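Visitor: final-v7.txt is reproduced in full below (compact mmCIF, C-alpha atoms).
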```txt
# COMPACT_ATOMS: atom_id res chain seq x y z
CA MET A 1 185.81 95.62 69.11
CA LYS A 2 187.60 92.68 70.68
CA SER A 3 187.12 89.49 68.74
CA THR A 4 185.06 86.73 70.23
CA GLU A 5 185.32 83.00 69.79
CA ILE A 6 182.90 80.36 70.93
CA SER A 7 183.91 76.78 70.53
CA VAL A 8 182.26 73.51 71.33
CA ASN A 9 184.88 70.93 72.18
CA SER A 10 183.96 67.26 71.67
CA ALA A 11 180.60 67.70 73.40
CA THR A 12 178.72 64.60 74.49
CA CYS A 13 175.36 64.48 76.16
CA TYR A 14 173.22 61.73 77.64
CA LYS A 15 169.62 61.89 78.73
CA ASN A 16 168.31 59.08 80.93
CA ASN A 17 171.30 56.98 79.88
CA ASN A 18 170.50 57.41 76.19
CA LEU A 19 173.17 59.00 74.08
CA ILE A 20 171.81 62.22 72.55
CA PHE A 21 174.93 63.31 70.70
CA SER A 22 178.60 62.55 70.98
CA ASP A 23 181.83 64.23 70.02
CA VAL A 24 180.34 67.40 68.53
CA SER A 25 183.03 69.99 67.87
CA ILE A 26 182.66 73.33 66.14
CA SER A 27 183.95 76.82 66.62
CA TYR A 28 182.45 80.19 65.79
CA ASN A 29 184.33 83.45 65.25
CA ASP A 30 183.36 87.04 64.52
CA GLY A 31 181.03 87.31 61.55
CA ASP A 32 180.03 83.67 61.57
CA ILE A 33 176.53 82.39 61.15
CA GLY A 34 176.18 78.97 62.66
CA ILE A 35 173.29 76.82 61.62
CA ILE A 36 172.51 73.70 63.57
CA MET A 37 170.35 71.29 61.64
CA GLY A 38 169.08 67.82 62.22
CA PRO A 39 165.93 65.78 62.75
CA ASN A 40 163.70 66.09 65.83
CA GLY A 41 165.22 64.70 68.97
CA CYS A 42 168.83 64.88 67.79
CA GLY A 43 169.83 67.29 70.54
CA LYS A 44 169.77 70.69 68.85
CA THR A 45 168.08 72.34 71.79
CA THR A 46 170.29 70.51 74.28
CA LEU A 47 173.43 71.71 72.48
CA ILE A 48 172.14 75.28 72.30
CA ARG A 49 171.23 75.26 75.96
CA SER A 50 174.62 73.93 76.93
CA ILE A 51 176.30 76.71 74.95
CA CYS A 52 174.29 79.14 77.08
CA GLY A 53 175.30 77.32 80.24
CA ILE A 54 171.75 76.34 81.22
CA GLN A 55 172.46 72.67 80.78
CA ALA A 56 175.66 70.81 81.64
CA LEU A 57 177.44 68.60 79.14
CA ASP A 58 178.37 65.08 80.17
CA GLU A 59 181.69 65.28 78.35
CA GLY A 60 183.54 68.02 76.53
CA GLN A 61 183.59 71.75 77.10
CA ILE A 62 182.15 74.96 75.78
CA LEU A 63 184.87 77.58 75.48
CA LEU A 64 184.31 81.33 75.28
CA ASP A 65 187.52 83.09 74.25
CA LYS A 66 189.43 79.89 75.03
CA ILE A 67 188.19 79.74 78.63
CA ASP A 68 185.79 77.03 79.76
CA ILE A 69 182.46 78.64 80.57
CA LYS A 70 182.45 76.87 83.92
CA ASN A 71 185.55 78.87 84.85
CA HIS A 72 184.17 82.16 83.65
CA ASN A 73 182.93 84.37 86.41
CA ASN A 74 179.34 85.48 86.35
CA ASN A 75 180.03 87.73 83.37
CA TYR A 76 179.81 84.83 80.92
CA MET A 77 176.48 85.98 79.55
CA ASP A 78 177.74 89.55 79.02
CA LYS A 79 178.17 88.94 75.32
CA ILE A 80 175.42 86.42 74.70
CA ILE A 81 171.70 86.76 74.23
CA TYR A 82 169.67 83.56 74.21
CA ILE A 83 166.19 83.26 72.74
CA GLY A 84 164.64 79.89 73.38
CA HIS A 85 161.90 78.15 71.48
CA LYS A 86 159.51 79.08 74.25
CA ASN A 87 158.88 82.75 73.70
CA SER A 88 159.57 83.87 77.28
CA LEU A 89 156.56 86.16 77.19
CA ASN A 90 154.22 86.79 80.08
CA ASN A 91 150.56 86.53 79.04
CA ASP A 92 149.49 89.16 81.56
CA PHE A 93 151.66 91.84 79.96
CA SER A 94 151.18 93.75 76.74
CA VAL A 95 153.70 93.39 73.93
CA TYR A 96 155.44 96.60 74.92
CA GLU A 97 155.50 95.70 78.62
CA ASN A 98 156.97 92.31 77.85
CA LEU A 99 159.83 93.81 75.87
CA GLU A 100 160.39 96.34 78.64
CA TYR A 101 160.42 93.56 81.25
CA LEU A 102 162.74 91.32 79.27
CA SER A 103 165.20 94.12 78.63
CA ALA A 104 165.60 94.46 82.41
CA PHE A 105 167.42 91.13 82.30
CA ASP A 106 169.92 92.32 79.71
CA SER A 107 172.51 94.88 80.77
CA SER A 108 173.25 95.93 77.19
CA SER A 109 169.66 96.66 76.20
CA LYS A 110 168.44 100.10 75.27
CA ILE A 111 164.86 100.75 76.31
CA ASN A 112 164.49 103.56 73.75
CA LYS A 113 164.95 101.03 70.95
CA ILE A 114 161.81 99.06 71.81
CA ASN A 115 159.55 101.02 69.46
CA GLU A 116 162.09 100.78 66.66
CA ALA A 117 162.38 97.02 67.20
CA MET A 118 158.61 96.56 67.10
CA LYS A 119 158.41 98.57 63.87
CA TYR A 120 161.20 96.48 62.33
CA PHE A 121 159.25 93.28 62.89
CA ASP A 122 155.95 94.92 61.92
CA ILE A 123 154.31 94.35 65.29
CA TYR A 124 154.08 98.00 66.34
CA LYS A 125 150.31 97.92 65.84
CA TYR A 126 150.07 95.25 68.53
CA ARG A 127 152.11 97.17 71.09
CA ASN A 128 149.23 97.54 73.53
CA TYR A 129 147.73 94.10 72.94
CA MET A 130 148.05 91.51 75.64
CA VAL A 131 150.36 88.72 74.54
CA SER A 132 147.57 86.19 75.01
CA GLU A 133 145.60 88.02 72.30
CA ILE A 134 148.12 87.83 69.46
CA SER A 135 148.98 84.93 67.18
CA GLU A 136 151.86 82.50 67.66
CA GLY A 137 153.78 84.02 64.75
CA ASN A 138 153.49 87.47 66.25
CA LYS A 139 154.60 86.14 69.63
CA LYS A 140 157.71 84.77 67.95
CA LYS A 141 158.32 88.18 66.38
CA VAL A 142 158.02 89.83 69.78
CA SER A 143 160.62 87.50 71.23
CA LEU A 144 162.91 88.08 68.22
CA ALA A 145 162.51 91.85 68.62
CA ARG A 146 164.74 91.48 71.68
CA LEU A 147 167.65 91.08 69.27
CA LEU A 148 167.29 94.70 68.21
CA ILE A 149 166.92 96.00 71.75
CA SER A 150 169.91 94.10 73.04
CA GLN A 151 173.35 95.25 71.90
CA LYS A 152 175.03 91.91 72.46
CA LYS A 153 177.46 90.35 70.05
CA VAL A 154 176.51 86.70 70.16
CA TRP A 155 172.97 85.63 69.32
CA ILE A 156 171.99 82.12 70.26
CA LEU A 157 168.59 81.23 68.90
CA ASP A 158 166.60 78.05 69.28
CA GLU A 159 164.16 77.53 66.40
CA PRO A 160 163.84 81.26 65.57
CA LEU A 161 161.79 80.55 62.45
CA SER A 162 158.96 78.49 63.85
CA TYR A 163 155.50 80.00 63.12
CA LEU A 164 157.04 82.75 60.96
CA ASP A 165 155.66 83.51 57.50
CA ASP A 166 157.89 84.13 54.47
CA THR A 167 157.95 87.91 54.94
CA ALA A 168 159.00 87.54 58.54
CA VAL A 169 161.68 85.02 57.58
CA ASN A 170 163.09 87.58 55.12
CA ILE A 171 163.05 90.29 57.77
CA PHE A 172 164.85 87.95 60.12
CA THR A 173 167.42 86.95 57.49
CA ASN A 174 168.23 90.60 56.82
CA LEU A 175 168.63 91.18 60.52
CA VAL A 176 171.10 88.31 60.78
CA LEU A 177 173.01 89.61 57.73
CA ASN A 178 173.28 93.07 59.28
CA HIS A 179 174.51 91.49 62.46
CA GLN A 180 177.11 89.57 60.47
CA LYS A 181 178.34 92.78 58.81
CA LYS A 182 178.86 94.29 62.23
CA GLY A 183 180.98 91.30 63.18
CA GLY A 184 178.38 89.59 65.33
CA ILE A 185 177.95 85.87 65.72
CA THR A 186 174.62 84.13 65.18
CA ILE A 187 174.05 80.53 66.20
CA ALA A 188 170.63 79.18 65.33
CA SER A 189 168.97 75.80 65.24
CA THR A 190 166.49 75.46 62.43
CA HIS A 191 164.82 73.12 59.99
CA TYR A 192 164.56 75.71 57.28
CA ASP A 193 167.83 76.89 55.80
CA PHE A 194 167.38 80.66 55.63
CA SER A 195 170.98 81.30 54.66
CA LYS A 196 171.38 79.79 51.19
CA ASN A 197 173.09 82.83 49.70
CA ILE A 198 175.10 83.95 52.69
CA ASN A 199 178.84 83.67 53.16
CA ASN A 200 180.58 82.34 56.24
CA VAL A 201 177.81 79.97 57.21
CA LYS A 202 178.98 77.11 59.37
CA TYR A 203 176.65 74.16 59.19
CA LEU A 204 176.48 71.62 61.94
CA ASN A 205 174.46 68.58 61.00
CA MET A 206 173.48 66.69 64.08
CA ASP A 207 171.86 63.77 62.29
CA PRO A 208 172.70 60.72 64.42
CA GLY A 209 173.13 58.63 61.29
CA ARG A 210 175.65 60.98 59.69
CA MET B 211 165.67 99.06 86.72
CA ILE B 212 164.34 98.32 90.20
CA ASN B 213 161.48 100.78 89.69
CA MET B 214 160.48 99.02 86.51
CA LEU B 215 160.64 95.55 88.05
CA VAL B 216 158.54 96.65 91.03
CA LYS B 217 156.02 98.23 88.67
CA LYS B 218 155.75 95.05 86.62
CA GLU B 219 155.43 92.89 89.72
CA LEU B 220 152.60 95.11 91.01
CA ALA B 221 150.92 94.99 87.61
CA LEU B 222 150.99 91.19 87.66
CA TYR B 223 149.08 91.06 90.95
CA PHE B 224 146.65 93.88 90.19
CA ARG B 225 145.69 92.35 86.84
CA ASN B 226 144.86 89.09 88.58
CA LEU B 227 143.03 90.33 91.64
CA ASN B 228 142.01 86.72 92.28
CA ASN B 229 145.55 86.12 93.46
CA ILE B 230 144.99 88.63 96.24
CA PHE B 231 141.39 87.89 97.23
CA LEU B 232 141.20 84.13 96.95
CA PRO B 233 143.85 83.40 99.62
CA LEU B 234 141.94 85.73 101.93
CA VAL B 235 138.61 84.03 101.21
CA PHE B 236 140.26 80.64 101.63
CA PHE B 237 141.66 81.72 105.01
CA PHE B 238 138.24 82.78 106.27
CA LEU B 239 136.54 79.65 104.96
CA ILE B 240 138.97 77.33 106.74
CA ILE B 241 138.80 79.35 109.97
CA SER B 242 135.01 79.24 109.94
CA ILE B 243 134.95 75.49 109.36
CA PHE B 244 136.41 74.77 112.80
CA PRO B 245 133.43 76.02 114.87
CA LEU B 246 131.13 74.02 112.59
CA VAL B 247 133.08 70.82 113.19
CA LEU B 248 133.99 71.26 116.85
CA GLY B 249 130.87 73.01 118.07
CA PRO B 250 130.79 76.52 119.56
CA GLU B 251 132.35 75.70 122.89
CA LYS B 252 134.04 78.80 124.30
CA ASN B 253 136.54 77.10 126.63
CA LEU B 254 137.78 74.80 123.91
CA PHE B 255 138.20 77.61 121.40
CA ASP B 256 140.06 79.86 123.84
CA LYS B 257 142.63 77.11 124.00
CA ILE B 258 142.95 76.07 120.36
CA ILE B 259 142.18 79.17 118.28
CA PRO B 260 145.82 80.39 118.01
CA GLY B 261 146.73 76.97 116.66
CA ILE B 262 143.83 77.07 114.21
CA ILE B 263 144.91 80.48 112.93
CA TRP B 264 148.45 79.22 112.43
CA ILE B 265 147.40 76.01 110.67
CA THR B 266 145.15 78.00 108.38
CA ALA B 267 147.96 80.43 107.62
CA ILE B 268 150.19 77.47 106.74
CA LEU B 269 147.58 75.99 104.39
CA THR B 270 147.23 79.36 102.69
CA THR B 271 150.96 79.79 102.18
CA ILE B 272 151.26 76.26 100.83
CA LEU B 273 148.51 76.87 98.31
CA THR B 274 149.81 80.25 97.17
CA SER B 275 153.41 79.16 96.80
CA ASN B 276 152.74 75.69 95.44
CA ASN B 277 152.81 76.48 91.72
CA PHE B 278 154.72 79.72 92.07
CA PHE B 279 157.12 79.20 89.16
CA LYS B 280 154.82 77.11 86.97
CA ASP B 281 153.80 79.91 84.59
CA ASP B 282 157.34 81.22 84.34
CA PHE B 283 158.50 77.69 83.58
CA ASN B 284 155.89 77.05 80.89
CA ASN B 285 156.49 80.43 79.26
CA GLY B 286 160.26 79.99 79.29
CA ILE B 287 160.89 82.95 81.57
CA ILE B 288 162.98 80.78 83.89
CA GLU B 289 165.45 80.52 81.00
CA ILE B 290 165.57 84.33 80.92
CA TYR B 291 166.40 84.34 84.63
CA LEU B 292 169.20 81.85 84.10
CA THR B 293 170.73 83.45 81.00
CA SER B 294 170.55 86.98 82.31
CA ASP B 295 173.70 89.00 82.93
CA MET B 296 171.92 91.13 85.51
CA SER B 297 171.28 90.39 89.16
CA VAL B 298 168.46 87.86 88.96
CA GLU B 299 168.67 87.42 92.73
CA LEU B 300 167.14 90.87 93.05
CA VAL B 301 164.21 89.83 90.84
CA LEU B 302 163.68 86.65 92.82
CA PHE B 303 163.84 88.62 96.08
CA LEU B 304 161.19 91.02 94.75
CA LYS B 305 159.02 88.05 93.76
CA ILE B 306 159.23 86.57 97.27
CA ILE B 307 158.41 89.90 98.90
CA SER B 308 155.51 90.64 96.57
CA CYS B 309 154.10 87.13 97.00
CA TRP B 310 154.15 87.65 100.75
CA PHE B 311 152.76 91.17 100.54
CA PHE B 312 149.82 90.26 98.32
CA THR B 313 148.85 86.89 99.78
CA CYS B 314 149.82 87.02 103.49
CA PHE B 315 149.64 90.69 104.35
CA PRO B 316 145.86 90.93 103.64
CA ILE B 317 145.37 88.05 106.08
CA LEU B 318 147.40 89.87 108.73
CA ILE B 319 145.16 92.90 108.34
CA PHE B 320 142.14 90.74 109.15
CA ILE B 321 143.66 89.05 112.21
CA PRO B 322 142.11 91.67 114.57
CA LEU B 323 138.71 90.83 113.09
CA VAL B 324 139.31 87.12 113.61
CA SER B 325 140.38 87.86 117.19
CA LEU B 326 137.13 89.71 117.71
CA LEU B 327 135.11 86.82 116.28
CA PHE B 328 136.72 84.32 118.64
CA SER B 329 137.06 86.83 121.52
CA ILE B 330 140.81 86.47 121.86
CA PRO B 331 142.25 88.91 124.45
CA PHE B 332 143.94 91.94 122.90
CA GLN B 333 147.47 91.13 124.03
CA ASN B 334 147.26 87.52 122.82
CA SER B 335 145.93 88.64 119.47
CA MET B 336 148.81 91.11 119.10
CA VAL B 337 151.31 88.31 119.74
CA ILE B 338 149.56 86.05 117.21
CA LEU B 339 149.74 88.91 114.74
CA LEU B 340 153.41 89.48 115.50
CA THR B 341 154.36 85.81 115.09
CA LEU B 342 152.44 85.66 111.82
CA PHE B 343 154.06 88.89 110.63
CA ILE B 344 157.55 87.50 111.22
CA GLY B 345 156.75 83.87 110.46
CA THR B 346 154.80 84.02 107.19
CA PRO B 347 157.66 85.51 105.10
CA VAL B 348 159.76 82.51 106.17
CA LEU B 349 156.95 80.12 105.26
CA ILE B 350 156.45 81.79 101.87
CA SER B 351 160.19 81.68 101.13
CA ILE B 352 160.37 78.00 101.99
CA GLY B 353 157.24 77.31 99.96
CA ILE B 354 158.63 79.09 96.92
CA PHE B 355 161.85 77.16 97.35
CA GLY B 356 159.84 73.94 97.34
CA SER B 357 158.02 74.93 94.18
CA ALA B 358 161.37 75.66 92.49
CA LEU B 359 162.68 72.29 93.63
CA THR B 360 159.85 70.27 92.09
CA LEU B 361 159.47 72.44 89.01
CA GLY B 362 160.31 70.03 86.22
CA LEU B 363 158.40 67.13 87.71
CA ALA B 364 154.95 66.25 86.53
CA LYS B 365 152.17 65.93 89.13
CA ASN B 366 154.01 67.71 91.91
CA ASN B 367 150.90 69.01 93.65
CA ILE B 368 151.29 66.96 96.81
CA LEU B 369 155.02 66.41 96.60
CA THR B 370 155.88 70.05 97.25
CA PRO B 371 153.98 70.33 100.57
CA VAL B 372 155.41 66.99 101.69
CA ILE B 373 158.91 68.34 101.11
CA ILE B 374 158.43 71.76 102.66
CA ILE B 375 156.23 71.15 105.72
CA PRO B 376 159.10 69.65 107.78
CA PHE B 377 161.00 72.89 107.20
CA TYR B 378 158.07 74.83 108.65
CA ILE B 379 158.51 73.16 112.04
CA PRO B 380 161.07 75.57 113.60
CA VAL B 381 158.84 78.55 112.81
CA LEU B 382 155.84 76.71 114.23
CA ILE B 383 157.56 75.66 117.43
CA PHE B 384 158.64 79.17 118.33
CA SER B 385 155.37 80.79 117.27
CA ALA B 386 153.33 78.33 119.31
CA SER B 387 155.68 78.76 122.21
CA ALA B 388 155.36 82.56 122.07
CA ILE B 389 151.56 82.36 121.99
CA GLU B 390 151.56 79.81 124.82
CA ALA B 391 153.83 82.09 126.86
CA VAL B 392 151.70 85.19 126.45
CA SER B 393 148.48 83.37 127.32
CA THR B 394 150.01 82.09 130.56
CA GLY B 395 151.46 85.50 131.36
CA LEU B 396 155.10 84.57 130.80
CA PRO B 397 157.62 86.68 128.81
CA PHE B 398 157.48 85.88 125.11
CA GLU B 399 160.22 88.15 123.72
CA MET B 400 162.80 85.37 123.40
CA GLN B 401 160.69 83.36 120.96
CA ILE B 402 159.97 86.46 118.89
CA TYR B 403 163.69 87.19 118.67
CA ILE B 404 164.37 83.65 117.49
CA LEU B 405 161.63 83.96 114.84
CA ALA B 406 163.17 87.23 113.69
CA ALA B 407 166.56 85.52 113.54
CA LEU B 408 165.06 82.79 111.33
CA LEU B 409 163.63 85.46 109.06
CA ILE B 410 166.96 87.28 108.82
CA LEU B 411 168.67 83.99 108.08
CA VAL B 412 166.25 82.72 105.43
CA LEU B 413 165.33 85.84 103.47
CA PRO B 414 168.77 86.97 102.24
CA ILE B 415 170.02 83.51 101.22
CA MET B 416 166.77 82.44 99.56
CA PRO B 417 167.25 84.29 96.22
CA TYR B 418 170.68 82.68 95.73
CA LEU B 419 169.31 79.29 96.70
CA LEU B 420 166.37 79.78 94.30
CA LYS B 421 168.59 80.67 91.36
CA TYR B 422 170.71 77.57 91.94
CA THR B 423 167.64 75.35 92.36
CA LEU B 424 165.96 76.71 89.23
CA GLY B 425 169.14 75.91 87.30
CA LEU B 426 168.92 72.32 88.50
CA SER B 427 165.22 71.73 88.02
CA ILE B 428 164.96 73.30 84.57
CA ASN B 429 166.83 70.28 83.23
CA ASN B 430 164.48 67.69 84.72
```
Here is the file; what I need is its structure written in the form of structure tokens.
Guide:
Amino acid sequence: MKSTEISVNSATCYKNNNLIFSDVSISYNDGDIGIIMGPNGCGKTTLIRSICGIQALDEGQILLDKIDIKNHNNNYMDKIIYIGHKNSLNNDFSVYENLEYLSAFDSSSKINKINEAMKYFDIYKYRNYMVSEISEGNKKKVSLARLLISQKKVWILDEPLSYLDDTAVNIFTNLVLNHQKKGGITIASTHYDFSKNINNVKYLNMDPGR
Amino acid sequence: MINMLVKKELALYFRNLNNIFLPLVFFFLIISIFPLVLGPEKNLFDKIIPGIIWITAILTTILTSNNFFKDDFNNGIIEIYLTSDMSVELVLFLKIISCWFFTCFPILIFIPLVSLLFSIPFQNSMVILLTLFIGTPVLISIGIFGSALTLGLAKNNILTPVIIIPFYIPVLIFSASAIEAVSTGLPFEMQIYILAALLILVLPIMPYLLKYTLGLSINN
């Protein structure tokens, strides 16, 4: 597989004339796990969203394979799956229908893996429940199950661990490790360091007082 | 993929039947208010009923499209649209079409009944129906565009109609003119063609415009 590199190049971002973060630079290669840490309001979500191209940086660039994402054609998201801190689930659909619907937005996804993905996160028993009927932790698991349905190489996750219990955090950590072995890249913002015993972790501390 | 998206879109409306019936009920309530306020004077109503039907249709489209993207925004599905590597324009197009089909089309079906209630001549009622049939998809598209534009803003309930109603004016002018023409026995085809041209202009560019607008307003 062709190697992939994502780099953030002296990124700076303002919101309503307040500096959120300045001069953030980091680069991720195949097999990297990137962990973005920092207190609330330090711009973790903003950085993650600008890596996905949803939000524009005020200064600096995001480079995918050494090309600025603004100059990429529409295929920029070919390699990247983004899971935000909102779960992106529709309350009027069942768990299964939601995963089916969301995989329509991902060209690499394999519909026949949905059941497998639900079993992996131990939510198969809720497959026919409406999303409004299940708990927040289970909603998070449903949105993380997209990682197993999608075949993309770069995972960009915003607060993937919120609402998850210890078992689910372990399941998630194993998933990330497997992804690393396959050469995938994971970039996640989190408060809880799930990767204490993992190699190739790149920490980015966004504490404004650093 | 298209099959699946259509199926999901249908499921969304059929699970919330309110979304289909309430616009219809609203339409009939507003229509029936006018005789109560103005009195049942036949000559007056012969003159103003096409206008009343159109104004009511406008109010209905404004209400149905006002918070169109609100749920998707709160659930974070807009982010899925924007980070997708598939053709999101197709999804947005389907959403416009299904919004029109489930909120405006039921009203169109009941236009003959309304015509009967207000004893509108058959030919006039057919022209009203035709202008609504061509005009309401344009109104819905513009309304949905307005709701995308004001998405990130708090308390946008009145702001959206204020932005979009000026854009309704071309559709209104030509619809009113067509109805005026047919009731005075003049040819009305030209106005219908212009309405159709507006529809052909607005509908294909709207999904692209929506995707761009959603990208802007998600950062508000």
Visitor: Against chain B, which residues of chain A fall within 7 Å? For each one I want the closest pair of atoms and the distance in Å (one decimal), counting all atoms listed in the file, rows by chain and increasing residue number, as a Markdown table.
Guide:
```
| residue | atom | partner | partner_atom | distance |
| --- | --- | --- | --- | --- |
| A:Cys52 | CA | B:Thr293 | CA | 6.8 |
| A:Ile54 | CA | B:Gly425 | CA | 6.6 |
| A:Gln55 | CA | B:Asn429 | CA | 6.6 |
| A:Asn75 | CA | B:Asp295 | CA | 6.5 |
| A:Met77 | CA | B:Asp295 | CA | 5.3 |
| A:Asp78 | CA | B:Asp295 | CA | 5.6 |
| A:Tyr82 | CA | B:Thr293 | CA | 6.9 |
| A:Lys86 | CA | B:Gly286 | CA | 5.2 |
| A:Asn87 | CA | B:Gly286 | CA | 6.4 |
| A:Ser88 | CA | B:Gly286 | CA | 4.4 |
| A:Leu89 | CA | B:Asn285 | CA | 6.1 |
| A:Asn90 | CA | B:Asn285 | CA | 6.8 |
| A:Asp92 | CA | B:Leu222 | CA | 6.6 |
| A:Ala104 | CA | B:Met211 | CA | 6.3 |
| A:Phe105 | CA | B:Ser294 | CA | 5.2 |
| A:Asp106 | CA | B:Ser294 | CA | 6.0 |
| A:Ser107 | CA | B:Met296 | CA | 6.1 |
```
Visitor: Take the point (181.0, 78.5, 68.6) as written in the file and pick out every residue within 10 Å of it, counting all atoms listed in the file; give the list as an MDAnalysis selection string.
Guide: chainID A and resid 4:9 25:30 32:34 51 62:65 154 156 185:187 202
Visitor: Which residue gives the smallest distance to Ile134 of chain A among A:Val95, A:Val201, A:Ala56, A:Ile69, with all atoms listed in the file counted?
Guide: A:Val95
Visitor: For Gln333 of chain B, work out the shell of residues within 12 Å, counting only C-alpha atoms and skipping chain neighbours fewer than 5 positions away, then give it as a list in words.
Guide: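 My list of contacting residues is Pro322, Ser325, Ile338, Leu339, Leu340, Ala388, Ile389, Ala391, Val392, Ser393, Thr394, Gly395 and Phe398 of chain B.
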Visitor: Of the candidates A:Leu47, A:Leu57, A:Ile67, A:Ile35, which shows the shortest atom-to-atom distance to Tyr14 of chain A, using all atoms listed in the file?
Guide: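 The closest residue to Tyr14 of chain A is A:Leu57.
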Visitor: Between atom CA of Leu342 of chain B and atom CA of Val235 of chain B, what is the distance in Å, rounded to a tenth?
Guide: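 These atoms are spaced 17.5 Å apart.
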Visitor: Give me the residues within 8 Å of Ile263 of chain B as a ChimeraX atom specification, counting all atoms listed in the file and dropping any in the same chain fewer than 4 places off.
Guide: /B:241,259,267
Visitor: With a distance cut-off of 8 Å and all atoms listed in the file, select the neighbouring residues of Ile306 of chain B, excluding the residue or stretch itself and same-chain residues fewer than 5 positions from it, and output the selection as a VMD selection string.
Guide: chain B and resid 350 to 351 354
Visitor: Quick one: what's the axis-aligned box for segment 139-155 of chain A, all listed atoms, 3 Å on every side, centre and edges in Å to one decimal, as JSON?
Guide:
```
{"center_x": 166.0, "center_y": 90.4, "center_z": 69.7, "size_x": 28.9, "size_y": 17.2, "size_z": 12.7}
```
Visitor: Please return segment 101-106 of chain A, rebuilt to all heavy atoms, as a compact mmCIF listing (two decimals), in the frame of the given file.
Guide:
```txt
# COMPACT_ATOMS: atom_id res chain seq x y z
N TYR A 101 160.06 94.47 80.15
CA TYR A 101 160.42 93.56 81.25
C TYR A 101 161.64 92.74 80.89
O TYR A 101 162.59 92.63 81.66
CB TYR A 101 159.23 92.65 81.55
CG TYR A 101 159.41 91.73 82.73
CD1 TYR A 101 159.52 92.23 84.02
CD2 TYR A 101 159.47 90.36 82.55
CE1 TYR A 101 159.69 91.39 85.10
CE2 TYR A 101 159.63 89.50 83.63
CZ TYR A 101 159.74 90.03 84.90
OH TYR A 101 159.91 89.18 85.96
N LEU A 102 161.63 92.18 79.66
CA LEU A 102 162.74 91.32 79.27
C LEU A 102 164.04 92.10 79.15
O LEU A 102 165.11 91.56 79.41
CB LEU A 102 162.41 90.60 77.95
CG LEU A 102 161.33 89.55 78.06
CD1 LEU A 102 160.95 89.02 76.69
CD2 LEU A 102 161.79 88.41 78.95
N SER A 103 163.95 93.37 78.76
CA SER A 103 165.20 94.12 78.63
C SER A 103 165.81 94.43 80.00
O SER A 103 166.99 94.76 80.09
CB SER A 103 164.99 95.39 77.82
OG SER A 103 163.95 96.13 78.35
N ALA A 104 165.02 94.28 81.07
CA ALA A 104 165.60 94.46 82.41
C ALA A 104 166.58 93.36 82.74
O ALA A 104 167.40 93.50 83.64
CB ALA A 104 164.48 94.50 83.45
N PHE A 105 166.52 92.24 82.02
CA PHE A 105 167.42 91.13 82.30
C PHE A 105 168.67 91.17 81.45
O PHE A 105 169.45 90.24 81.43
CB PHE A 105 166.69 89.80 82.08
CG PHE A 105 165.60 89.57 83.07
CD1 PHE A 105 164.30 89.96 82.80
CD2 PHE A 105 165.87 88.99 84.29
CE1 PHE A 105 163.30 89.77 83.72
CE2 PHE A 105 164.88 88.80 85.21
CZ PHE A 105 163.59 89.19 84.93
N ASP A 106 168.83 92.25 80.68
CA ASP A 106 169.92 92.32 79.71
C ASP A 106 170.62 93.67 79.92
O ASP A 106 170.05 94.72 79.65
CB ASP A 106 169.29 92.22 78.31
CG ASP A 106 170.33 92.25 77.22
OD1 ASP A 106 171.46 92.62 77.51
OD2 ASP A 106 169.98 91.89 76.09
```
